[in-house]
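Text of the file input30.cif, holding mmCIF, C-alpha atoms and all ligand atoms:
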data_final
#
loop_
_atom_site.label_atom_id
_atom_site.label_comp_id
_atom_site.auth_asym_id
_atom_site.auth_seq_id
_atom_site.Cartn_x
_atom_site.Cartn_y
_atom_site.Cartn_z
CA MET Y 21 3.22 7.09 -28.05
CA GLN Y 22 0.50 9.14 -26.46
CA LYS Y 23 0.95 12.07 -24.10
CA SER Y 24 -0.49 11.89 -20.61
CA GLN Y 25 -0.86 14.75 -18.16
CA ALA Y 26 0.74 14.08 -14.79
CA TRP Y 27 2.11 15.56 -11.56
CA GLY Y 28 5.56 14.52 -10.49
CA VAL Y 29 8.78 15.40 -8.71
CA PRO Y 30 11.42 16.97 -10.99
CA ALA Y 31 14.28 16.10 -8.59
CA ALA Y 32 14.64 14.42 -5.17
CA GLY Y 33 12.81 16.33 -2.45
CA LYS Y 34 11.35 19.00 -4.75
CA PRO Y 35 7.64 19.80 -4.60
CA LEU Y 36 5.34 18.00 -7.02
CA ALA Y 37 4.47 19.98 -10.13
CA PRO Y 38 2.58 19.40 -13.40
CA MET Y 39 4.44 17.54 -16.16
CA THR Y 40 3.69 15.59 -19.32
CA ILE Y 41 4.71 11.96 -19.80
CA ASP Y 42 4.57 9.45 -22.65
CA ARG Y 43 2.44 6.32 -22.50
CA ARG Y 44 2.97 3.55 -25.05
CA GLU Y 45 0.41 2.62 -27.67
CA PRO Y 46 -1.43 -0.45 -26.34
CA GLY Y 47 -0.03 -3.83 -27.44
CA PRO Y 48 -2.26 -6.89 -27.98
CA HIS Y 49 -2.43 -7.75 -24.23
CA ASP Y 50 -2.62 -4.17 -22.92
CA VAL Y 51 -5.49 -2.24 -21.45
CA VAL Y 52 -5.62 1.57 -21.44
CA LEU Y 53 -6.93 2.94 -18.14
CA ASP Y 54 -8.34 6.44 -17.86
CA ILE Y 55 -7.29 7.02 -14.26
CA MET Y 56 -10.13 8.17 -12.00
CA PHE Y 57 -8.52 7.99 -8.56
CA CYS Y 58 -5.08 7.43 -7.07
CA GLY Y 59 -4.27 6.93 -3.39
CA VAL Y 60 -1.34 8.65 -1.69
CA CYS Y 61 0.87 6.07 0.04
CA HIS Y 62 3.65 6.98 2.46
CA SER Y 63 5.94 5.05 0.08
CA ASP Y 64 5.26 7.80 -2.49
CA ILE Y 65 6.75 10.29 -0.02
CA HIS Y 66 9.76 8.09 0.88
CA GLN Y 67 10.54 7.78 -2.85
CA ALA Y 68 9.77 11.37 -3.91
CA ARG Y 69 12.25 12.47 -1.23
CA ASP Y 70 14.66 9.66 -2.17
CA GLU Y 71 14.75 8.44 1.43
CA TRP Y 72 15.31 4.85 0.22
CA SER Y 73 17.98 6.15 -2.25
CA GLY Y 74 18.37 5.05 -5.87
CA GLY Y 75 15.34 7.09 -6.98
CA VAL Y 76 15.09 8.05 -10.65
CA PHE Y 77 13.85 11.55 -11.46
CA PRO Y 78 11.68 13.07 -12.75
CA MET Y 79 9.33 10.74 -10.87
CA VAL Y 80 5.55 10.46 -11.14
CA PRO Y 81 4.41 8.63 -7.97
CA GLY Y 82 1.16 6.73 -7.42
CA HIS Y 83 0.50 2.99 -7.06
CA GLU Y 84 -3.07 2.87 -5.75
CA ILE Y 85 -4.75 3.33 -9.09
CA VAL Y 86 -8.38 2.89 -10.10
CA GLY Y 87 -9.55 3.76 -13.59
CA ARG Y 88 -11.97 3.02 -16.34
CA VAL Y 89 -10.86 0.79 -19.21
CA SER Y 90 -11.03 2.98 -22.32
CA ARG Y 91 -9.20 0.85 -24.94
CA LEU Y 92 -8.21 -2.79 -25.29
CA GLY Y 93 -5.51 -4.67 -27.18
CA ALA Y 94 -6.83 -7.26 -29.62
CA GLU Y 95 -6.03 -10.25 -27.37
CA VAL Y 96 -7.39 -8.91 -24.07
CA SER Y 97 -9.90 -11.27 -22.49
CA LYS Y 98 -10.14 -10.17 -18.84
CA PHE Y 99 -11.70 -6.72 -19.42
CA LYS Y 100 -14.10 -4.88 -21.66
CA VAL Y 101 -14.31 -1.17 -22.39
CA GLY Y 102 -16.00 0.64 -19.49
CA ASP Y 103 -14.86 -1.80 -16.77
CA ILE Y 104 -13.40 -0.41 -13.55
CA ALA Y 105 -9.88 -1.78 -13.05
CA GLY Y 106 -7.11 -1.32 -10.52
CA VAL Y 107 -3.32 -1.29 -10.64
CA GLY Y 108 -1.08 -1.54 -7.58
CA CYS Y 109 2.68 -1.51 -7.15
CA MET Y 110 3.60 -3.75 -10.11
CA VAL Y 111 3.03 -3.39 -13.85
CA ASP Y 112 4.98 -6.48 -14.97
CA SER Y 113 7.43 -9.21 -13.99
CA CYS Y 114 9.44 -11.84 -15.91
CA ARG Y 115 6.50 -14.32 -15.64
CA THR Y 116 8.82 -17.36 -15.90
CA CYS Y 117 11.01 -17.53 -12.76
CA ALA Y 118 10.00 -19.69 -9.77
CA PRO Y 119 8.33 -16.90 -7.74
CA CYS Y 120 6.47 -15.61 -10.82
CA THR Y 121 5.09 -19.07 -11.57
CA GLU Y 122 4.05 -19.42 -7.91
CA ASN Y 123 1.93 -16.24 -7.97
CA LEU Y 124 4.60 -14.33 -6.06
CA GLU Y 125 5.44 -11.77 -8.75
CA GLN Y 126 6.53 -9.31 -6.05
CA PHE Y 127 9.61 -11.52 -5.58
CA CYS Y 128 10.40 -11.90 -9.31
CA GLN Y 129 14.05 -12.95 -9.54
CA LYS Y 130 14.62 -10.46 -12.34
CA GLY Y 131 12.99 -7.71 -10.27
CA MET Y 132 9.35 -6.76 -10.77
CA ALA Y 133 8.58 -3.78 -12.97
CA GLY Y 134 7.41 -1.26 -10.38
CA THR Y 135 4.52 1.00 -11.32
CA TYR Y 136 6.88 4.00 -10.99
CA ASN Y 137 10.49 4.77 -10.09
CA SER Y 138 11.33 1.61 -12.06
CA THR Y 139 11.50 0.30 -15.62
CA GLU Y 140 9.47 -2.03 -17.77
CA MET Y 141 11.01 -5.53 -18.12
CA ASP Y 142 13.11 -4.28 -21.09
CA ARG Y 143 14.97 -2.52 -18.24
CA LYS Y 144 15.08 0.64 -20.36
CA THR Y 145 11.61 2.13 -20.57
CA ARG Y 146 10.95 4.21 -17.45
CA THR Y 147 7.67 3.67 -15.61
CA TYR Y 148 5.50 6.50 -14.30
CA GLY Y 149 2.78 6.12 -11.69
CA GLY Y 150 -0.83 7.00 -11.12
CA TYR Y 151 -0.71 10.75 -10.46
CA SER Y 152 -1.56 10.96 -14.16
CA SER Y 153 -4.48 10.87 -16.55
CA ARG Y 154 -3.81 7.53 -18.24
CA LEU Y 155 -1.93 4.25 -17.79
CA VAL Y 156 -1.21 1.44 -20.27
CA VAL Y 157 -0.70 -1.93 -18.61
CA ASP Y 158 -0.71 -5.63 -19.49
CA GLU Y 159 -4.07 -7.09 -18.49
CA ARG Y 160 -2.32 -9.63 -16.20
CA PHE Y 161 -1.24 -6.80 -13.91
CA ALA Y 162 -4.64 -5.09 -13.84
CA LEU Y 163 -7.16 -6.16 -11.19
CA ARG Y 164 -10.92 -6.39 -11.44
CA VAL Y 165 -12.49 -3.91 -9.00
CA PRO Y 166 -15.74 -5.54 -7.82
CA ALA Y 167 -18.87 -3.53 -8.68
CA GLY Y 168 -19.91 -3.16 -5.04
CA LEU Y 169 -16.84 -1.15 -4.08
CA ASP Y 170 -16.78 2.65 -4.34
CA PRO Y 171 -13.98 3.30 -6.87
CA ALA Y 172 -12.39 6.22 -4.94
CA ALA Y 173 -12.41 4.41 -1.58
CA ALA Y 174 -11.23 1.17 -3.24
CA ALA Y 175 -8.05 2.78 -4.66
CA PRO Y 176 -6.05 2.37 -1.40
CA LEU Y 177 -6.83 -1.35 -1.38
CA LEU Y 178 -4.32 -1.71 -4.25
CA CYS Y 179 -1.42 -1.07 -1.85
CA ALA Y 180 -2.54 -0.45 1.75
CA GLY Y 181 -5.15 -3.21 1.44
CA ILE Y 182 -2.99 -5.97 -0.02
CA THR Y 183 0.04 -5.07 2.13
CA THR Y 184 -1.93 -5.73 5.31
CA TYR Y 185 -4.14 -8.56 3.97
CA SER Y 186 -1.13 -10.65 2.91
CA PRO Y 187 0.60 -10.98 6.31
CA LEU Y 188 -2.75 -11.63 8.02
CA ARG Y 189 -3.26 -14.52 5.59
CA GLN Y 190 0.35 -15.70 5.83
CA VAL Y 191 0.02 -16.25 9.57
CA GLY Y 192 -3.50 -17.64 9.20
CA CYS Y 193 -5.33 -14.97 11.21
CA LYS Y 194 -8.47 -16.60 12.62
CA PRO Y 195 -11.44 -15.84 14.87
CA GLY Y 196 -10.36 -15.18 18.43
CA ASP Y 197 -6.78 -14.18 17.59
CA HIS Y 198 -5.57 -11.05 19.34
CA VAL Y 199 -3.92 -8.79 16.75
CA GLY Y 200 -1.96 -5.63 17.55
CA VAL Y 201 -1.82 -2.96 14.85
CA VAL Y 202 1.02 -0.50 15.33
CA GLY Y 203 0.45 2.92 13.71
CA LEU Y 204 -3.02 4.04 12.64
CA GLY Y 205 -2.38 5.51 9.20
CA GLY Y 206 -3.21 4.31 5.70
CA LEU Y 207 -1.92 0.77 6.20
CA GLY Y 208 -2.86 0.61 9.87
CA HIS Y 209 -6.53 1.43 9.41
CA MET Y 210 -6.80 -1.21 6.67
CA ALA Y 211 -5.08 -3.73 8.96
CA VAL Y 212 -7.74 -3.05 11.61
CA LYS Y 213 -10.65 -3.50 9.20
CA LEU Y 214 -9.18 -6.64 7.62
CA ALA Y 215 -8.20 -8.32 10.90
CA VAL Y 216 -11.70 -7.63 12.29
CA SER Y 217 -13.22 -9.11 9.12
CA MET Y 218 -11.23 -12.31 9.84
CA GLY Y 219 -12.73 -12.50 13.33
CA ALA Y 220 -9.73 -11.17 15.28
CA LYS Y 221 -9.83 -8.98 18.36
CA VAL Y 222 -7.74 -5.90 17.57
CA THR Y 223 -5.72 -3.57 19.77
CA VAL Y 224 -4.36 -0.42 18.13
CA LEU Y 225 -1.00 0.87 19.38
CA SER Y 226 -0.64 4.52 18.41
CA THR Y 227 1.39 7.63 19.15
CA SER Y 228 -1.74 9.77 18.60
CA GLY Y 229 -4.16 9.78 21.53
CA GLY Y 230 -6.72 11.62 19.38
CA LYS Y 231 -7.26 8.57 17.16
CA GLU Y 232 -8.95 6.40 19.82
CA ALA Y 233 -12.55 7.03 18.77
CA ASP Y 234 -11.67 6.32 15.14
CA ALA Y 235 -9.86 3.11 16.09
CA ARG Y 236 -12.96 1.86 17.91
CA ARG Y 237 -15.23 2.89 15.02
CA LEU Y 238 -12.97 0.90 12.66
CA GLY Y 239 -13.58 -2.17 14.84
CA ALA Y 240 -10.72 -2.19 17.36
CA THR Y 241 -11.71 -3.23 20.87
CA ASP Y 242 -8.69 -1.67 22.57
CA PHE Y 243 -6.48 1.34 22.00
CA VAL Y 244 -3.21 2.16 23.73
CA VAL Y 245 -0.98 5.20 23.46
CA THR Y 246 2.59 3.97 23.12
CA LYS Y 247 4.19 7.13 24.47
CA ASP Y 248 2.85 5.98 27.82
CA GLY Y 249 5.32 3.17 28.72
CA SER Y 250 2.72 1.33 30.84
CA ALA Y 251 1.07 0.12 27.59
CA PHE Y 252 4.03 -2.20 27.09
CA GLN Y 253 3.62 -3.76 30.56
CA GLN Y 254 -0.14 -4.04 30.23
CA LEU Y 255 0.07 -5.96 26.92
CA ALA Y 256 3.26 -7.97 27.54
CA GLY Y 257 3.01 -11.53 26.19
CA LYS Y 258 -0.63 -11.10 25.12
CA LEU Y 259 -0.69 -10.66 21.33
CA ASP Y 260 -0.83 -13.49 18.78
CA LEU Y 261 0.19 -11.25 15.89
CA ILE Y 262 1.46 -7.72 15.43
CA ILE Y 263 1.24 -5.81 12.15
CA ASP Y 264 3.79 -2.99 12.36
CA THR Y 265 2.96 -0.24 9.84
CA VAL Y 266 5.11 2.55 11.27
CA SER Y 267 6.94 4.69 8.71
CA ALA Y 268 9.61 6.12 11.06
CA PRO Y 269 12.39 4.37 13.05
CA HIS Y 270 11.16 2.86 16.34
CA ASP Y 271 12.20 0.11 18.75
CA TYR Y 272 11.12 -3.28 17.38
CA ASN Y 273 12.36 -5.00 20.55
CA ALA Y 274 9.73 -3.27 22.68
CA TYR Y 275 6.89 -4.46 20.42
CA LEU Y 276 8.24 -8.04 20.18
CA GLY Y 277 7.84 -8.25 23.96
CA LEU Y 278 4.07 -7.99 23.50
CA LEU Y 279 3.86 -11.31 21.63
CA ARG Y 280 2.75 -14.52 23.26
CA PRO Y 281 5.25 -17.43 22.93
CA ARG Y 282 5.70 -18.25 19.23
CA GLY Y 283 3.67 -15.21 18.24
CA THR Y 284 4.59 -13.34 15.05
CA MET Y 285 5.36 -9.71 14.36
CA ALA Y 286 4.99 -8.72 10.70
CA ILE Y 287 6.90 -5.65 9.61
CA VAL Y 288 5.35 -3.82 6.67
CA GLY Y 289 6.31 -0.24 7.58
CA ALA Y 290 9.55 0.73 5.84
CA PRO Y 291 11.54 3.37 7.74
CA ALA Y 292 14.60 4.52 5.81
CA THR Y 293 17.08 3.69 8.57
CA ALA Y 294 17.94 0.49 10.45
CA THR Y 295 16.97 -0.27 14.05
CA PRO Y 296 19.02 -2.68 16.24
CA LEU Y 297 17.36 -6.00 17.02
CA HIS Y 298 18.37 -7.81 20.20
CA PRO Y 299 18.52 -11.62 19.74
CA PHE Y 300 16.81 -12.12 23.11
CA SER Y 301 13.76 -10.24 21.77
CA LEU Y 302 13.20 -13.26 19.51
CA ILE Y 303 14.83 -16.13 21.42
CA LEU Y 304 12.90 -15.66 24.64
CA GLY Y 305 9.39 -16.72 23.82
CA GLY Y 306 10.45 -18.21 20.47
CA ARG Y 307 8.99 -15.19 18.74
CA ARG Y 308 8.91 -14.81 15.00
CA LEU Y 309 9.66 -11.77 12.88
CA LEU Y 310 8.18 -11.62 9.39
CA GLY Y 311 8.73 -9.10 6.62
CA SER Y 312 6.11 -8.66 3.93
CA VAL Y 313 5.88 -6.62 0.76
CA ILE Y 314 2.54 -6.06 -1.02
CA GLY Y 315 1.21 -9.37 -2.43
CA GLY Y 316 1.05 -11.27 -5.72
CA ILE Y 317 -1.55 -10.50 -8.38
CA ALA Y 318 -3.76 -13.49 -7.52
CA GLU Y 319 -3.66 -12.61 -3.82
CA THR Y 320 -4.48 -8.97 -4.64
CA GLN Y 321 -7.58 -10.11 -6.54
CA GLU Y 322 -8.49 -12.38 -3.61
CA MET Y 323 -8.17 -9.37 -1.26
CA LEU Y 324 -10.42 -7.20 -3.48
CA ASP Y 325 -13.04 -9.97 -3.57
CA HIS Y 326 -12.74 -10.39 0.23
CA CYS Y 327 -13.29 -6.63 0.64
CA ALA Y 328 -16.35 -6.72 -1.63
CA LYS Y 329 -17.78 -9.62 0.38
CA HIS Y 330 -17.24 -7.85 3.71
CA GLY Y 331 -18.06 -4.31 2.51
CA ILE Y 332 -14.56 -3.03 3.24
CA VAL Y 333 -13.03 0.07 1.65
CA SER Y 334 -10.59 2.70 2.87
CA ASP Y 335 -11.62 5.79 4.85
CA ILE Y 336 -10.50 8.55 2.51
CA GLU Y 337 -10.04 12.28 2.15
CA LEU Y 338 -10.58 13.09 -1.53
CA ILE Y 339 -8.32 15.88 -2.78
CA PRO Y 340 -7.65 17.63 -6.09
CA ILE Y 341 -4.11 17.07 -7.42
CA GLN Y 342 -3.35 20.75 -6.74
CA LYS Y 343 -3.39 19.93 -2.97
CA ILE Y 344 -0.82 17.11 -3.22
CA ASN Y 345 2.13 18.94 -1.65
CA GLU Y 346 -0.05 19.94 1.33
CA ALA Y 347 -1.28 16.34 1.60
CA TYR Y 348 2.33 15.05 1.82
CA GLU Y 349 3.01 17.45 4.72
CA ARG Y 350 -0.11 16.26 6.53
CA VAL Y 351 0.81 12.58 6.08
CA LEU Y 352 4.22 13.34 7.61
CA LYS Y 353 2.42 14.78 10.65
CA SER Y 354 0.24 11.60 10.98
CA ASP Y 355 -2.66 13.91 10.15
CA VAL Y 356 -4.66 11.94 7.59
CA ARG Y 357 -8.00 10.20 8.21
CA TYR Y 358 -6.91 7.73 6.85
CA ARG Y 359 -5.83 7.93 3.23
CA PHE Y 360 -5.64 10.82 0.80
CA VAL Y 361 -7.03 9.90 -2.60
CA ILE Y 362 -6.51 12.18 -5.58
CA ASP Y 363 -9.52 12.86 -7.79
CA MET Y 364 -7.86 12.74 -11.20
CA ALA Y 365 -10.65 14.77 -12.80
CA SER Y 366 -8.85 17.72 -11.15
CA LEU Y 367 -5.92 17.31 -13.58
CA GLU Y 368 -8.01 19.11 -16.18
CA SER Y 369 -8.82 22.13 -14.04
P1 LIG Y 401 1.00 6.64 7.12
O1 LIG Y 401 -0.39 6.78 6.62
O2 LIG Y 401 1.86 7.83 7.28
O3 LIG Y 401 0.91 5.83 8.52
C1 LIG Y 401 2.04 5.58 9.31
C2 LIG Y 401 1.62 5.69 10.78
O4 LIG Y 401 2.75 5.39 11.57
C3 LIG Y 401 1.21 7.09 11.22
O5 LIG Y 401 -0.14 7.38 10.95
C4 LIG Y 401 1.47 7.03 12.71
O6 LIG Y 401 0.38 6.40 13.36
C5 LIG Y 401 2.66 6.10 12.80
N1 LIG Y 401 3.91 6.87 12.99
C6 LIG Y 401 4.41 7.83 12.17
N2 LIG Y 401 5.56 8.30 12.66
C7 LIG Y 401 5.81 7.62 13.79
C8 LIG Y 401 6.87 7.63 14.74
N3 LIG Y 401 7.90 8.48 14.63
N4 LIG Y 401 6.81 6.75 15.77
C9 LIG Y 401 5.77 5.91 15.90
N5 LIG Y 401 4.72 5.88 15.04
C10 LIG Y 401 4.76 6.72 14.01
O7 LIG Y 401 1.83 5.66 6.17
P2 LIG Y 401 1.35 4.38 5.32
O8 LIG Y 401 1.04 4.82 3.93
O9 LIG Y 401 0.39 3.62 6.10
O10 LIG Y 401 2.73 3.58 5.22
C11 LIG Y 401 3.36 3.12 6.40
C12 LIG Y 401 4.73 2.55 6.08
O11 LIG Y 401 4.54 1.34 5.33
C13 LIG Y 401 5.60 3.44 5.21
O12 LIG Y 401 6.95 3.31 5.65
C14 LIG Y 401 5.45 2.85 3.82
O13 LIG Y 401 6.55 3.12 2.98
C15 LIG Y 401 5.36 1.39 4.15
N6 LIG Y 401 4.72 0.56 3.12
C16 LIG Y 401 5.19 -0.70 2.97
C17 LIG Y 401 4.59 -1.54 2.07
C18 LIG Y 401 5.07 -2.96 1.94
O14 LIG Y 401 4.75 -3.60 0.94
N7 LIG Y 401 5.76 -3.48 2.91
C19 LIG Y 401 3.52 -1.09 1.29
C20 LIG Y 401 3.05 0.19 1.50
C21 LIG Y 401 3.65 1.02 2.43
P3 LIG Y 401 -0.09 6.87 14.82
O15 LIG Y 401 -0.51 8.31 14.67
O16 LIG Y 401 -1.23 5.95 15.09
O17 LIG Y 401 1.06 6.65 15.74
ZN ZN Y 402 2.11 1.87 -1.20
ZN ZN Y 403 9.99 -13.48 -12.42
#

Could you render the structure from this file as structure tokens?
Amino acid sequence: MQKSQAWGVPAAGKPLAPMTIDRREPGPHDVVLDIMFCGVCHSDIHQARDEWSGGVFPMVPGHEIVGRVSRLGAEVSKFKVGDIAGVGCMVDSCRTCAPCTENLEQFCQKGMAGTYNSTEMDRKTRTYGGYSSRLVVDERFALRVPAGLDPAAAAPLLCAGITTYSPLRQVGCKPGDHVGVVGLGGLGHMAVKLAVSMGAKVTVLSTSGGKEADARRLGATDFVVTKDGSAFQQLAGKLDLIIDTVSAPHDYNAYLGLLRPRGTMAIVGAPATATPLHPFSLILGGRRLLGSVIGGIAETQEMLDHCAKHGIVSDIELIPIQKINEAYERVLKSDVRYRFVIDMASLES
């Protein structure tokens, strides 16, 4: 065992504070990452406040991790010391069930080992996330971060990037498609960049009028403020695909009405409470509703390579760990442009 410095939540809803955690000695297939940067996902906040229930405390959040490989197990072949590697929401899975063998580890029938608020596959050893100095992970669950990507701005790709890339790929987003992105936060701004990189025309649907200039700079051609009901009439039946990234309860039925016949709405935002769905919202127009959670390891690598090819990273606000509680409050106010990333060098100060 080796000690690692971290910041975590001692109990549900409490502020984050410094703590020390244990990391295992690396096994033959493990890499040791000295964590450089970790993104702050809204899922960290949902879990730190136990909004999804079942949270295990103390909890060290963080699943948008980029670090430098500092040690290798004897059998590691994918990395060498000094490489920049990334870890997202998973650190292991059973590797043998049908989804695992189909590169869909996120649907492992035994339950993936989450990067935090979870256990390793022994179902005993607690996992702790990236708001920490070091992580030990099997090389299969570590991603190669292409050299062309800035490591700090690449960190959010490990969750916000893959979570929006995957549904775009699942529906086969192609040049000329009209994509609606609902909510311009961490996931939403990645959805805009990725959809534009696939040749789509993007309309952002936002509750924040002040984000219009940013939306256009990110590549959107249209921006509508959803508090103004006329947006729903103006766009009715026009969109091929909607990526809904909203973190709070809202009316799915209203957004489904914006799809063209047989269009698809992909829900990736994960509000803690249910919202009623009217059957007619789907039946009329033969509309499709899709749920999507992160992506498999192979697809995550594909997304990183796609981002390197297209020069895509996240727009970030780099913060020291000491500002994390303030950052959570700002995320809750939709006041982040567009992802906080923690500079882990600040752990030492
Ligand atoms: P975020 O940065 O806070 O962005 C969410 C955006 O939703 C906000 O910026 C805001 O955009 C909009 N919004 C917030 N409250 C709203 C409300 N009451 N009504 C309408 N719009 C509202 O969060 P994030 O990190 O992108 O995460 C978004 C959601 O996705 C979270 O629930 C998170 O847990 C979930 N998530 C899911 C997956 C997955 O695999 N499915 C992965 C990661 C995250 P505007 O200001 O533009 O309105
Ligand atoms: Zn996340
Ligand atoms: Zn499995």

**Message:** Applying 12 Å and all atoms listed in the file, which residues near Leu324 in chain Y remain after dropping the ones on its own chain fewer than 2 positions away? List them as a PyMOL selection string.
**Reply:** chain Y and resi 105-108+163-171+173-182+185-186+214+315+317-322+326-334

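Of the listed residues (Y:Phe360, Y:Phe57, Y:Tyr148, Y:Phe252), Y:Phe360 comes nearest to ligand LIG 401 (chain Y); the distances count only C-alpha atoms and all ligand atoms.
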
**Message:** With distances taken over all atoms listed in the file, which residue among Y:Ala365, Y:Ala118, Y:Leu261, Y:Leu238 lies nearest Gln342 in chain Y?
**Reply:** Y:Ala365

**Prompt:** Closest to ligand LIG 401 (chain Y) among Y:Ala290, Y:Val157, Y:Leu259, Y:Ile344, using all atoms listed in the file?
**Reply:**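 Of Y:Ala290, Y:Val157, Y:Leu259, Y:Ile344, the one nearest ligand LIG 401 (chain Y), counting all atoms listed in the file, is Y:Ala290.
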
**Message:** Just checking: using all atoms listed in the file, which residue out of Y:Pro38, Y:Pro299, Y:Gly59, Y:Pro46 ends up closest to Ala172 in chain Y?
**Reply:** Y:Gly59

**Request:** Name the residues, by chain letter and number, that sit within 12 Å of ligand ZN 403 (chain Y) using all atoms listed in the file, and give them as a PyMOL selection string.
**Result:** chain Y and resi 110+112-133+141+316

**Asked** Which protein, DNA or RNA residues are at most 6 Å from (-1.1, -12.6, 17.9) in the file's coordinates when you count only C-alpha atoms, listed as a ChimeraX atom specification?
**Response** /Y:197-199,259-261,283

**Message:** Please find the residues contacting ligand ZN 402 (chain Y) at a distance of at most 8 Å between atoms, with all atoms listed in the file counted, and report them as a list of chain:residue names.
**Reply:**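 Taking all atoms listed in the file into account, the residues around ligand ZN 402 (chain Y) at most 8 Å away are Y:Val60, Y:Cys61, Y:His62, Y:Ser63, Y:Asp64, Y:Gly82, Y:His83, Y:Glu84, Y:Gly108, Y:Cys109, Y:Leu178, Y:Cys179, Y:Ala180, Y:Thr183, Y:Ile314.
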
**Fill in**
One residue among Y:Ile263, Y:Met323, Y:Val96, Y:Ala32 is nearest to ligand LIG 401 (chain Y) when using all atoms listed in the file, and that residue is Y:Ile263

Is it possible to dump range 84-102 of chain Y as a PDB file, in the first residue's frame, including just N, CA and C atoms?
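Writing the result to result.pdb gives the following:
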ATOM      1  N   GLU Y  84     -12.313  12.378 -14.505  1.00  0.00           N
ATOM      2  CA  GLU Y  84     -11.782  12.953 -15.756  1.00  0.00           C
ATOM      3  C   GLU Y  84     -10.300  13.194 -15.501  1.00  0.00           C
ATOM      4  N   ILE Y  85      -9.550  12.091 -15.525  1.00  0.00           N
ATOM      5  CA  ILE Y  85      -8.195  12.087 -14.965  1.00  0.00           C
ATOM      6  C   ILE Y  85      -7.141  12.026 -16.068  1.00  0.00           C
ATOM      7  N   VAL Y  86      -6.175  12.927 -15.982  1.00  0.00           N
ATOM      8  CA  VAL Y  86      -5.005  12.843 -16.868  1.00  0.00           C
ATOM      9  C   VAL Y  86      -3.760  12.897 -15.996  1.00  0.00           C
ATOM     10  N   GLY Y  87      -2.855  11.975 -16.243  1.00  0.00           N
ATOM     11  CA  GLY Y  87      -1.631  11.934 -15.435  1.00  0.00           C
ATOM     12  C   GLY Y  87      -0.456  11.410 -16.229  1.00  0.00           C
ATOM     13  N   ARG Y  88       0.674  11.421 -15.543  1.00  0.00           N
ATOM     14  CA  ARG Y  88       1.896  10.926 -16.167  1.00  0.00           C
ATOM     15  C   ARG Y  88       2.201   9.551 -15.581  1.00  0.00           C
ATOM     16  N   VAL Y  89       2.515   8.599 -16.439  1.00  0.00           N
ATOM     17  CA  VAL Y  89       2.836   7.250 -15.976  1.00  0.00           C
ATOM     18  C   VAL Y  89       4.187   7.298 -15.255  1.00  0.00           C
ATOM     19  N   SER Y  90       4.171   6.896 -13.969  1.00  0.00           N
ATOM     20  CA  SER Y  90       5.423   6.996 -13.202  1.00  0.00           C
ATOM     21  C   SER Y  90       6.015   5.628 -12.862  1.00  0.00           C
ATOM     22  N   ARG Y  91       5.174   4.574 -12.898  1.00  0.00           N
ATOM     23  CA  ARG Y  91       5.691   3.213 -12.648  1.00  0.00           C
ATOM     24  C   ARG Y  91       4.860   2.241 -13.459  1.00  0.00           C
ATOM     25  N   LEU Y  92       5.454   1.099 -13.780  1.00  0.00           N
ATOM     26  CA  LEU Y  92       4.762   0.096 -14.596  1.00  0.00           C
ATOM     27  C   LEU Y  92       4.886  -1.277 -13.964  1.00  0.00           C
ATOM     28  N   GLY Y  93       3.820  -2.079 -14.030  1.00  0.00           N
ATOM     29  CA  GLY Y  93       3.939  -3.491 -13.687  1.00  0.00           C
ATOM     30  C   GLY Y  93       4.765  -4.198 -14.751  1.00  0.00           C
ATOM     31  N   ALA Y  94       5.289  -5.368 -14.404  1.00  0.00           N
ATOM     32  CA  ALA Y  94       6.236  -6.071 -15.284  1.00  0.00           C
ATOM     33  C   ALA Y  94       5.637  -6.438 -16.633  1.00  0.00           C
ATOM     34  N   GLU Y  95       4.312  -6.670 -16.686  1.00  0.00           N
ATOM     35  CA  GLU Y  95       3.700  -7.146 -17.944  1.00  0.00           C
ATOM     36  C   GLU Y  95       3.090  -6.024 -18.790  1.00  0.00           C
ATOM     37  N   VAL Y  96       3.188  -4.793 -18.348  1.00  0.00           N
ATOM     38  CA  VAL Y  96       2.522  -3.704 -19.081  1.00  0.00           C
ATOM     39  C   VAL Y  96       3.167  -3.490 -20.450  1.00  0.00           C
ATOM     40  N   SER Y  97       2.307  -3.438 -21.495  1.00  0.00           N
ATOM     41  CA  SER Y  97       2.861  -3.247 -22.838  1.00  0.00           C
ATOM     42  C   SER Y  97       2.360  -1.965 -23.504  1.00  0.00           C
ATOM     43  N   LYS Y  98       1.259  -1.396 -22.991  1.00  0.00           N
ATOM     44  CA  LYS Y  98       0.618  -0.274 -23.681  1.00  0.00           C
ATOM     45  C   LYS Y  98       1.293   1.072 -23.374  1.00  0.00           C
ATOM     46  N   PHE Y  99       2.008   1.149 -22.245  1.00  0.00           N
ATOM     47  CA  PHE Y  99       2.572   2.428 -21.799  1.00  0.00           C
ATOM     48  C   PHE Y  99       4.039   2.274 -21.438  1.00  0.00           C
ATOM     49  N   LYS Y 100       4.733   3.427 -21.454  1.00  0.00           N
ATOM     50  CA  LYS Y 100       6.069   3.460 -20.861  1.00  0.00           C
ATOM     51  C   LYS Y 100       6.120   4.615 -19.858  1.00  0.00           C
ATOM     52  N   VAL Y 101       7.110   4.585 -18.999  1.00  0.00           N
ATOM     53  CA  VAL Y 101       7.222   5.638 -17.990  1.00  0.00           C
ATOM     54  C   VAL Y 101       7.357   6.986 -18.699  1.00  0.00           C
ATOM     55  N   GLY Y 102       6.569   7.979 -18.207  1.00  0.00           N
ATOM     56  CA  GLY Y 102       6.612   9.316 -18.805  1.00  0.00           C
ATOM     57  C   GLY Y 102       5.446   9.586 -19.749  1.00  0.00           C
TER      58      GLY Y 102
END
